[in-house]
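Asker: data.cif is reproduced in full below (mmCIF, C-alpha atoms and all ligand atoms).
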data_run
loop_
_atom_site.label_atom_id
_atom_site.label_comp_id
_atom_site.auth_asym_id
_atom_site.auth_seq_id
_atom_site.Cartn_x
_atom_site.Cartn_y
_atom_site.Cartn_z
CA MET A 1 4.81 7.85 -2.18
CA ASN A 2 6.03 6.31 -5.42
CA HIS A 3 5.28 2.91 -6.91
CA VAL A 4 7.80 1.28 -9.23
CA SER A 5 6.06 -0.24 -12.21
CA ALA A 6 7.42 -3.49 -13.68
CA ASN A 7 5.69 -6.65 -12.45
CA LEU A 8 6.42 -10.28 -13.16
CA THR A 9 4.09 -13.23 -12.71
CA LEU A 10 5.47 -16.42 -11.18
CA TYR A 11 4.30 -19.65 -12.84
CA ASN A 12 1.86 -20.22 -9.95
CA GLY A 13 0.11 -16.93 -10.76
CA VAL A 14 1.61 -14.86 -7.93
CA LYS A 15 2.68 -11.40 -9.08
CA ILE A 16 5.93 -9.91 -7.84
CA SER A 17 7.43 -6.53 -8.37
CA GLY A 18 10.24 -6.69 -10.92
CA LEU A 19 12.53 -4.56 -8.75
CA GLY A 20 13.45 -5.63 -5.24
CA PHE A 21 15.29 -4.15 -2.28
CA GLY A 22 18.06 -6.19 -0.62
CA VAL A 23 18.92 -5.85 3.05
CA TRP A 24 22.11 -7.92 3.39
CA GLN A 25 24.61 -6.14 5.68
CA ILE A 26 22.05 -3.64 6.94
CA SER A 27 22.35 -3.67 10.71
CA PRO A 28 19.31 -4.97 12.63
CA LEU A 29 18.93 -1.50 14.20
CA HIS A 30 18.66 0.29 10.85
CA THR A 31 16.72 -2.29 8.88
CA ALA A 32 13.18 -1.10 9.71
CA LYS A 33 14.03 2.48 8.67
CA CYS A 34 15.66 1.37 5.38
CA VAL A 35 12.72 -0.92 4.53
CA ARG A 36 10.22 1.86 5.29
CA THR A 37 12.23 4.25 3.08
CA ALA A 38 12.34 1.65 0.30
CA ILE A 39 8.57 1.10 0.44
CA LYS A 40 8.07 4.88 0.38
CA ALA A 41 10.29 5.00 -2.72
CA GLY A 42 8.04 2.41 -4.39
CA TYR A 43 9.72 -0.97 -3.77
CA ARG A 44 7.24 -3.76 -3.08
CA ASN A 45 9.68 -6.68 -3.03
CA ILE A 46 12.03 -6.99 -0.06
CA ASP A 47 14.79 -9.59 0.12
CA THR A 48 16.20 -10.82 3.41
CA ALA A 49 17.52 -14.11 4.83
CA GLU A 50 17.74 -15.87 8.15
CA GLY A 51 21.51 -15.36 7.95
CA TYR A 52 21.26 -11.55 7.61
CA MET A 53 19.99 -11.41 11.23
CA ASN A 54 17.55 -8.63 10.32
CA GLU A 55 14.29 -10.42 9.50
CA LYS A 56 12.67 -8.80 12.55
CA GLY A 57 13.64 -5.33 11.26
CA VAL A 58 12.14 -6.19 7.87
CA GLY A 59 8.87 -7.14 9.58
CA GLU A 60 8.87 -3.91 11.59
CA GLY A 61 9.62 -1.80 8.50
CA VAL A 62 6.84 -3.47 6.52
CA ARG A 63 4.34 -2.98 9.39
CA GLN A 64 5.31 0.69 9.82
CA ALA A 65 5.06 1.36 6.07
CA MET A 66 1.66 -0.37 5.83
CA GLU A 67 0.34 1.85 8.60
CA GLU A 68 1.93 5.02 7.28
CA TYR A 69 1.01 4.56 3.61
CA GLY A 70 -2.23 2.59 3.95
CA LEU A 71 -0.89 -0.51 2.19
CA LYS A 72 -2.23 -4.03 2.53
CA ARG A 73 0.15 -6.83 3.49
CA GLU A 74 -0.48 -8.65 0.20
CA GLU A 75 0.88 -5.64 -1.70
CA ILE A 76 4.37 -6.30 -0.34
CA PHE A 77 6.31 -9.42 -1.31
CA VAL A 78 8.93 -10.49 1.23
CA SER A 79 11.50 -13.19 0.48
CA THR A 80 13.61 -14.88 3.06
CA LYS A 81 16.08 -17.73 2.79
CA LEU A 82 17.04 -20.62 4.97
CA TRP A 83 20.64 -20.82 6.00
CA ASN A 84 22.85 -23.70 4.84
CA SER A 85 22.34 -25.65 8.06
CA HIS A 86 18.71 -26.18 7.00
CA ARG A 87 19.67 -27.84 3.74
CA GLY A 88 19.29 -31.54 3.13
CA TYR A 89 16.31 -33.37 1.67
CA ASP A 90 14.17 -33.84 4.78
CA LYS A 91 14.76 -30.42 6.29
CA ALA A 92 14.34 -28.59 3.01
CA MET A 93 11.16 -30.46 2.09
CA LYS A 94 9.75 -29.83 5.54
CA ALA A 95 10.75 -26.17 5.38
CA PHE A 96 9.54 -25.41 1.82
CA GLU A 97 6.94 -27.71 0.33
CA GLU A 98 4.78 -28.21 3.46
CA LEU A 99 4.62 -24.47 4.14
CA TYR A 100 3.67 -23.84 0.52
CA ARG A 101 0.96 -26.52 0.53
CA ASP A 102 -0.40 -25.10 3.81
CA GLY A 103 -0.67 -21.71 2.08
CA ARG A 104 1.69 -20.09 4.55
CA ILE A 105 4.15 -19.05 1.87
CA LYS A 106 3.23 -17.74 -1.58
CA ALA A 107 6.14 -19.13 -3.54
CA ILE A 108 9.17 -21.38 -3.24
CA GLY A 109 12.55 -20.13 -4.36
CA VAL A 110 16.13 -21.34 -4.44
CA SER A 111 19.36 -19.40 -4.47
CA ASN A 112 22.71 -19.93 -6.12
CA PHE A 113 21.42 -22.79 -8.23
CA LEU A 114 23.27 -23.14 -11.52
CA ALA A 115 21.49 -24.67 -14.52
CA HIS A 116 22.56 -28.24 -13.65
CA HIS A 117 21.42 -27.80 -10.02
CA VAL A 118 18.00 -26.56 -11.14
CA GLN A 119 17.70 -29.48 -13.53
CA ALA A 120 18.58 -32.01 -10.81
CA LEU A 121 16.17 -30.39 -8.35
CA THR A 122 13.24 -30.30 -10.74
CA GLU A 123 13.74 -33.97 -11.60
CA ASP A 124 13.62 -34.83 -7.90
CA SER A 125 10.85 -32.69 -6.40
CA ASP A 126 7.08 -32.33 -6.70
CA ILE A 127 7.06 -28.56 -6.91
CA LYS A 128 9.42 -26.76 -9.26
CA PRO A 129 10.87 -23.60 -7.65
CA MET A 130 9.27 -20.36 -8.80
CA VAL A 131 12.35 -18.22 -8.30
CA ASN A 132 16.12 -18.67 -8.48
CA GLN A 133 18.28 -15.93 -6.97
CA ILE A 134 21.80 -15.85 -8.38
CA GLU A 135 24.68 -13.41 -8.53
CA TYR A 136 24.22 -11.44 -11.73
CA HIS A 137 25.66 -8.03 -12.53
CA VAL A 138 27.65 -6.12 -15.12
CA GLY A 139 30.89 -8.05 -15.67
CA PHE A 140 29.40 -11.26 -14.27
CA GLY A 141 26.33 -12.28 -16.23
CA GLN A 142 25.44 -15.90 -15.51
CA VAL A 143 23.69 -16.17 -18.85
CA LYS A 144 23.47 -19.98 -19.03
CA SER A 145 21.77 -20.33 -15.63
CA ALA A 146 19.45 -17.37 -16.20
CA GLU A 147 18.38 -18.58 -19.66
CA TYR A 148 17.83 -22.14 -18.39
CA CYS A 149 15.56 -20.86 -15.59
CA GLN A 150 13.64 -18.48 -17.80
CA ALA A 151 13.11 -21.19 -20.43
CA ASN A 152 11.61 -23.34 -17.63
CA GLY A 153 9.32 -20.63 -16.27
CA ILE A 154 11.48 -19.83 -13.23
CA VAL A 155 11.92 -16.12 -12.46
CA VAL A 156 15.54 -15.06 -12.01
CA GLU A 157 16.53 -12.55 -9.34
CA ALA A 158 19.94 -10.87 -9.39
CA TRP A 159 21.83 -10.54 -6.15
CA SER A 160 24.59 -7.92 -5.94
CA PRO A 161 23.16 -6.15 -9.01
CA LEU A 162 25.73 -3.39 -8.51
CA GLY A 163 28.53 -5.88 -7.85
CA SER A 164 28.33 -4.75 -4.18
CA GLY A 165 29.16 -1.24 -5.47
CA GLY A 166 32.40 -2.38 -7.15
CA VAL A 167 31.24 -2.18 -10.76
CA LEU A 168 30.07 1.42 -10.46
CA ARG A 169 33.57 2.75 -11.15
CA ASN A 170 33.86 1.04 -14.53
CA GLY A 171 34.73 3.54 -17.28
CA GLU A 172 32.62 2.04 -20.09
CA LEU A 173 29.58 1.78 -17.81
CA ASN A 174 29.97 5.44 -16.82
CA ARG A 175 30.40 6.46 -20.46
CA ILE A 176 27.10 4.76 -21.34
CA ALA A 177 25.40 6.20 -18.23
CA GLY A 178 26.46 9.70 -19.34
CA LYS A 179 24.71 9.21 -22.71
CA TYR A 180 21.38 8.59 -20.94
CA GLY A 181 21.86 11.21 -18.21
CA LYS A 182 21.62 8.41 -15.64
CA SER A 183 23.96 7.07 -12.95
CA ALA A 184 26.04 3.93 -13.40
CA ALA A 185 23.83 2.25 -10.76
CA GLN A 186 20.66 3.07 -12.71
CA ILE A 187 22.22 1.59 -15.88
CA CYS A 188 23.12 -1.63 -13.99
CA ILE A 189 19.53 -1.95 -12.76
CA ARG A 190 17.90 -1.08 -16.09
CA TRP A 191 20.19 -3.55 -17.92
CA LEU A 192 18.82 -6.34 -15.67
CA LEU A 193 15.18 -5.22 -15.99
CA GLN A 194 15.49 -5.39 -19.78
CA LYS A 195 16.64 -9.01 -19.41
CA ASN A 196 13.53 -9.77 -17.28
CA ILE A 197 15.81 -10.35 -14.31
CA VAL A 198 14.73 -8.91 -10.94
CA PRO A 199 17.50 -6.70 -9.50
CA LEU A 200 17.79 -6.56 -5.70
CA PRO A 201 19.92 -3.45 -5.05
CA LYS A 202 20.79 -2.65 -1.45
CA SER A 203 21.47 0.76 0.04
CA THR A 204 21.32 2.40 3.42
CA HIS A 205 21.10 5.90 1.90
CA GLU A 206 17.74 7.42 1.04
CA LYS A 207 19.29 9.19 -1.98
CA TYR A 208 20.50 5.89 -3.47
CA ILE A 209 17.32 3.99 -2.51
CA MET A 210 15.31 6.57 -4.49
CA GLU A 211 17.82 6.72 -7.36
CA ASN A 212 17.86 2.95 -7.79
CA ALA A 213 14.06 2.90 -8.15
CA ASP A 214 14.04 5.72 -10.71
CA VAL A 215 14.69 3.48 -13.69
CA PHE A 216 11.37 3.32 -15.51
CA ASP A 217 11.55 6.46 -17.64
CA PHE A 218 14.18 5.34 -20.15
CA SER A 219 15.39 2.26 -21.96
CA ILE A 220 18.84 1.12 -23.03
CA SER A 221 19.30 0.60 -26.78
CA GLU A 222 20.10 -2.88 -28.16
CA GLU A 223 23.56 -1.62 -29.11
CA ASP A 224 24.31 -0.39 -25.59
CA MET A 225 22.84 -3.57 -24.02
CA THR A 226 25.39 -5.53 -26.07
CA ALA A 227 28.20 -3.12 -25.12
CA ILE A 228 27.30 -3.60 -21.42
CA ASP A 229 27.17 -7.40 -21.90
CA ARG A 230 30.79 -7.22 -23.08
CA ILE A 231 32.18 -5.36 -20.05
CA PRO A 232 34.64 -7.73 -18.38
CA TYR A 233 34.65 -8.57 -14.67
CA CYS A 234 35.01 -5.33 -12.70
CA GLY A 235 33.68 -6.05 -9.20
CA GLY A 236 31.42 -8.33 -7.18
CA MET A 237 31.92 -11.68 -5.56
CA MET A 238 31.95 -14.04 -8.59
CA PHE A 239 30.56 -16.71 -6.29
CA ASP A 240 30.92 -20.27 -7.57
CA PRO A 241 28.33 -22.53 -5.90
CA ASP A 242 30.08 -25.66 -7.20
CA SER A 243 33.26 -24.94 -5.25
CA ALA A 244 31.71 -23.20 -2.21
CA ARG A 245 31.72 -24.88 1.17
CA SER A 246 28.73 -24.56 3.48
N1 LIG A 301 21.37 -15.14 -2.21
C1 LIG A 301 22.61 -14.79 -1.93
O1 LIG A 301 23.51 -15.63 -1.78
C2 LIG A 301 22.93 -13.34 -1.81
C3 LIG A 301 24.27 -12.94 -1.65
C4 LIG A 301 24.53 -11.59 -1.58
C5 LIG A 301 23.50 -10.65 -1.68
N2 LIG A 301 22.20 -11.06 -1.80
C6 LIG A 301 21.07 -10.10 -1.91
O2 LIG A 301 21.39 -9.10 -2.89
C7 LIG A 301 21.28 -7.81 -2.29
C8 LIG A 301 22.21 -6.81 -2.94
O3 LIG A 301 23.54 -7.28 -2.95
P1 LIG A 301 24.76 -6.48 -2.29
O4 LIG A 301 24.29 -5.95 -1.01
O5 LIG A 301 25.96 -7.33 -2.37
O6 LIG A 301 25.10 -5.32 -3.25
P2 LIG A 301 24.61 -4.31 -4.36
O7 LIG A 301 23.19 -3.96 -4.26
O8 LIG A 301 25.16 -4.85 -5.63
O9 LIG A 301 25.49 -3.05 -3.93
C9 LIG A 301 25.33 -2.43 -2.68
C10 LIG A 301 26.45 -1.42 -2.48
O10 LIG A 301 26.35 -0.39 -3.47
C11 LIG A 301 26.15 0.86 -2.82
N3 LIG A 301 25.11 1.56 -3.59
C12 LIG A 301 23.80 1.25 -3.71
N4 LIG A 301 23.20 2.08 -4.56
C13 LIG A 301 24.12 2.97 -4.97
C14 LIG A 301 24.09 4.08 -5.85
N5 LIG A 301 22.96 4.44 -6.49
N6 LIG A 301 25.25 4.76 -6.07
C15 LIG A 301 26.38 4.41 -5.45
N7 LIG A 301 26.49 3.36 -4.60
C16 LIG A 301 25.35 2.64 -4.37
C17 LIG A 301 25.67 0.55 -1.42
O11 LIG A 301 26.08 1.59 -0.56
P3 LIG A 301 25.28 2.06 0.76
O12 LIG A 301 24.66 0.82 1.37
O13 LIG A 301 26.35 2.66 1.60
O14 LIG A 301 24.27 3.04 0.34
C18 LIG A 301 26.42 -0.74 -1.13
O15 LIG A 301 27.75 -0.50 -0.75
C19 LIG A 301 21.60 -8.09 -0.82
O16 LIG A 301 21.19 -7.03 0.03
C20 LIG A 301 20.83 -9.38 -0.60
O17 LIG A 301 19.45 -9.11 -0.41
C21 LIG A 301 21.90 -12.40 -1.87
#
Mind turning the file's structure into structure tokens?
Ligand SMILES: NC(=O)c1ccc[n+]([C@@H]2O[C@H](COP(=O)([O-])OP(=O)(O)OC[C@H]3O[C@@H](n4cnc5c(N)ncnc54)[C@H](OP(=O)(O)O)[C@@H]3O)[C@@H](O)[C@H]2O)c1
Answerer:
Amino acid sequence: MNHVSANLTLYNGVKISGLGFGVWQISPLHTAKCVRTAIKAGYRNIDTAEGYMNEKGVGEGVRQAMEEYGLKREEIFVSTKLWNSHRGYDKAMKAFEELYRDGRIKAIGVSNFLAHHVQALTEDSDIKPMVNQIEYHVGFGQVKSAEYCQANGIVVEAWSPLGSGGVLRNGELNRIAGKYGKSAAQICIRWLLQKNIVPLPKSTHEKYIMENADVFDFSISEEDMTAIDRIPYCGGMMFDPDSARS
């Protein structure tokens, strides 16, 4: 069994693995197996949501992996997210801050908060979120939001780090990947790690799950980081929280 290496510390002292595994669009039937495979490959940070309908599978996968590989529950960080219908001041406060104060959750996070949303939230709540999960990938770097969070001690996680697979066909990305003897997916993930952003790649294939975790034996040069920063939009959702309807 592997163990991926980078760790980040949230401002409340909780350590999380700097590389996560996302389970959006993994069917409830296959989730436990994918999560177990991911933990075997070294992931210790699993990302799900109420809306993915597979939280139960995540729990089963974590339990199976703990038994199989002799891991303790506290070695695996699991994030879940409330669906939009649970938003609103009272419901959100009840759902997040009480559970945190009771010690039933280790950290509070938000998702799809742009810099001005984070600012408004922190002015209006007792506990600043520890994590903000936003869409961030090659061709769609939300630099302003990420830098605002990082400057305020909030860890940024990148959803769709491979642009849901779409960016992997980009010519410039593949040219750079060739230089390092790595895949385009590994370059996408490494590019985020070097920005201290936690990538949450998803895959249902063992080969890709392993490949996406094999990103700690090389680093991208400054020059190539800049070249990747300049790649224009080439895939992914480009989700705009300000115009989205719930
Ligand atoms: N907070 C939010 O609003 C939000 C929104 C969207 C996503 N998310 C989170 O972010 C996670 C990842 O996002 P995502 O699922 O959109 O996409 P992603 O991780 O950017 O890309 C996943 C796609 O890329 C393919 N893939 C994975 N590794 C590959 C590799 N090494 N080579 C070639 N293809 C590869 C996968 O194929 P296979 O599956 O067929 O292997 C899948 O089609 C989600 O699972 C979820 O946890 C959060």
Asker: Would you list the contacts of Pro241 in chain A as a PyMOL selection string, taking every protein, DNA or RNA residue within 12 Å and counting only C-alpha atoms, but skipping same-chain residues closer than 5 positions in sequence?
Answerer: chain A and resi 111-117+134-135+145+246
Asker: Report as number ranges by chain all protein, DNA and RNA residues lying within 7 Å of range 43-46 of chain A, evaluated on only C-alpha atoms, omitting residues in the same chain fewer than 6 positions from it.
Answerer: A: 3-4, 16-17, 19-22, 75-79
Asker: Keeping C-alpha atoms for every residue in the selection just given, could you write it to a file as a short mmCIF file (atom, residue, chain, number, x, y, z; two decimals), in the coordinates of the input?
Answerer:
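So result.cif came out as:
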data_model
loop_
_atom_site.label_atom_id
_atom_site.label_comp_id
_atom_site.auth_asym_id
_atom_site.auth_seq_id
_atom_site.Cartn_x
_atom_site.Cartn_y
_atom_site.Cartn_z
CA HIS A 3 5.28 2.91 -6.91
CA VAL A 4 7.80 1.28 -9.23
CA ILE A 16 5.93 -9.91 -7.84
CA SER A 17 7.43 -6.53 -8.37
CA LEU A 19 12.53 -4.56 -8.75
CA GLY A 20 13.45 -5.63 -5.24
CA PHE A 21 15.29 -4.15 -2.28
CA GLY A 22 18.06 -6.19 -0.62
CA GLU A 75 0.88 -5.64 -1.70
CA ILE A 76 4.37 -6.30 -0.34
CA PHE A 77 6.31 -9.42 -1.31
CA VAL A 78 8.93 -10.49 1.23
CA SER A 79 11.50 -13.19 0.48
#
Asker: What does the list of residues within 8 Å of ligand LIG 301 (chain A) look like if you count all atoms listed in the file, written as a PyMOL selection string?
Answerer: chain A and resi 21-26+46-49+81+111-112+133-135+137+158-166+168+183-186+200-209+211-212+236
Asker: Do you know which residues are at most 10 Å from Gly57 in chain A counting only C-alpha atoms, after dropping those on the same chain fewer than 2 positions away, and could you put them as JSON, numbers by chain?
Answerer: {"A": [23, 26, 27, 28, 29, 30, 31, 32, 33, 34, 35, 36, 48, 53, 54, 55, 59, 60, 61, 62, 63]}
Asker: Can you pull out every residue within 12 Å of Asn174 in chain A, counting all atoms listed in the file, but drop anything in the same chain fewer than 3 positions away, and send it as a list in words?
Answerer: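 So the residues in contact are Val138, Val167, Leu168, Arg169, Asn170, Gly171, Ala177, Gly178, Lys179, Tyr180, Gly181, Lys182, Ser183, Ala184, Ala185, Gln186, Ile187, Cys188, Asp224, Ile228 and Ile231 of chain A.
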Asker: Nearest to Arg230 in chain A: which of A:Glu67, A:Glu172, A:Glu147, A:Asp102 is it, counting all atoms listed in the file?
Answerer: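 For Arg230 in chain A, the nearest of the given residues is A:Glu172.
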Asker: So which residues fall inside 6 Å of (15.6, -14.0, -14.5) if we count only C-alpha atoms? Mind giving them as an mmCIF file with C-alpha atoms, in the coordinates of the input?
Answerer:
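As a result, result-v7.cif now contains:
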data_model
loop_
_atom_site.group_PDB
_atom_site.id
_atom_site.type_symbol
_atom_site.label_atom_id
_atom_site.label_comp_id
_atom_site.auth_asym_id
_atom_site.auth_seq_id
_atom_site.Cartn_x
_atom_site.Cartn_y
_atom_site.Cartn_z
ATOM 1 C CA ALA A 146 19.450 -17.370 -16.200
ATOM 2 C CA GLN A 150 13.640 -18.480 -17.800
ATOM 3 C CA VAL A 155 11.920 -16.120 -12.460
ATOM 4 C CA VAL A 156 15.540 -15.060 -12.010
ATOM 5 C CA GLU A 157 16.530 -12.550 -9.340
ATOM 6 C CA ASN A 196 13.530 -9.770 -17.280
ATOM 7 C CA ILE A 197 15.810 -10.350 -14.310
#
Asker: Could you state the separation of CA of Glu68 in chain A and CA of Lys40 in chain A in Å, given to one decimal place?
Answerer: 9.2 Å
Asker: Mind pulling up the distance from CA of Ile127 in chain A to CA of Gly153 in chain A?
Answerer: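 Distance between the two atoms: 12.5 Å.
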Asker: Rank A:Val215, A:Ala120, A:Ala227, A:Arg101 by their smallest atom-to-atom distance to Ala41 in chain A, using all atoms listed in the file, and report the top residue only.
Answerer: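 Closest candidate: A:Val215.
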Asker: Leaving out Pro129 in chain A and any residue of its chain fewer than 6 positions from it, which residues lie within 7 Å of it when counting all atoms listed in the file, given as a list in words?
Answerer: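 Counting all atoms listed in the file, the residues come to Ile108, Gly109, Val110 and Ile154 of chain A.
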Asker: If I take CA of Pro232 in chain A and CA of Asp217 in chain A, how far is one from the other in Å, to one decimal?
Answerer: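 Between these atoms lies a distance of 27.1 Å.
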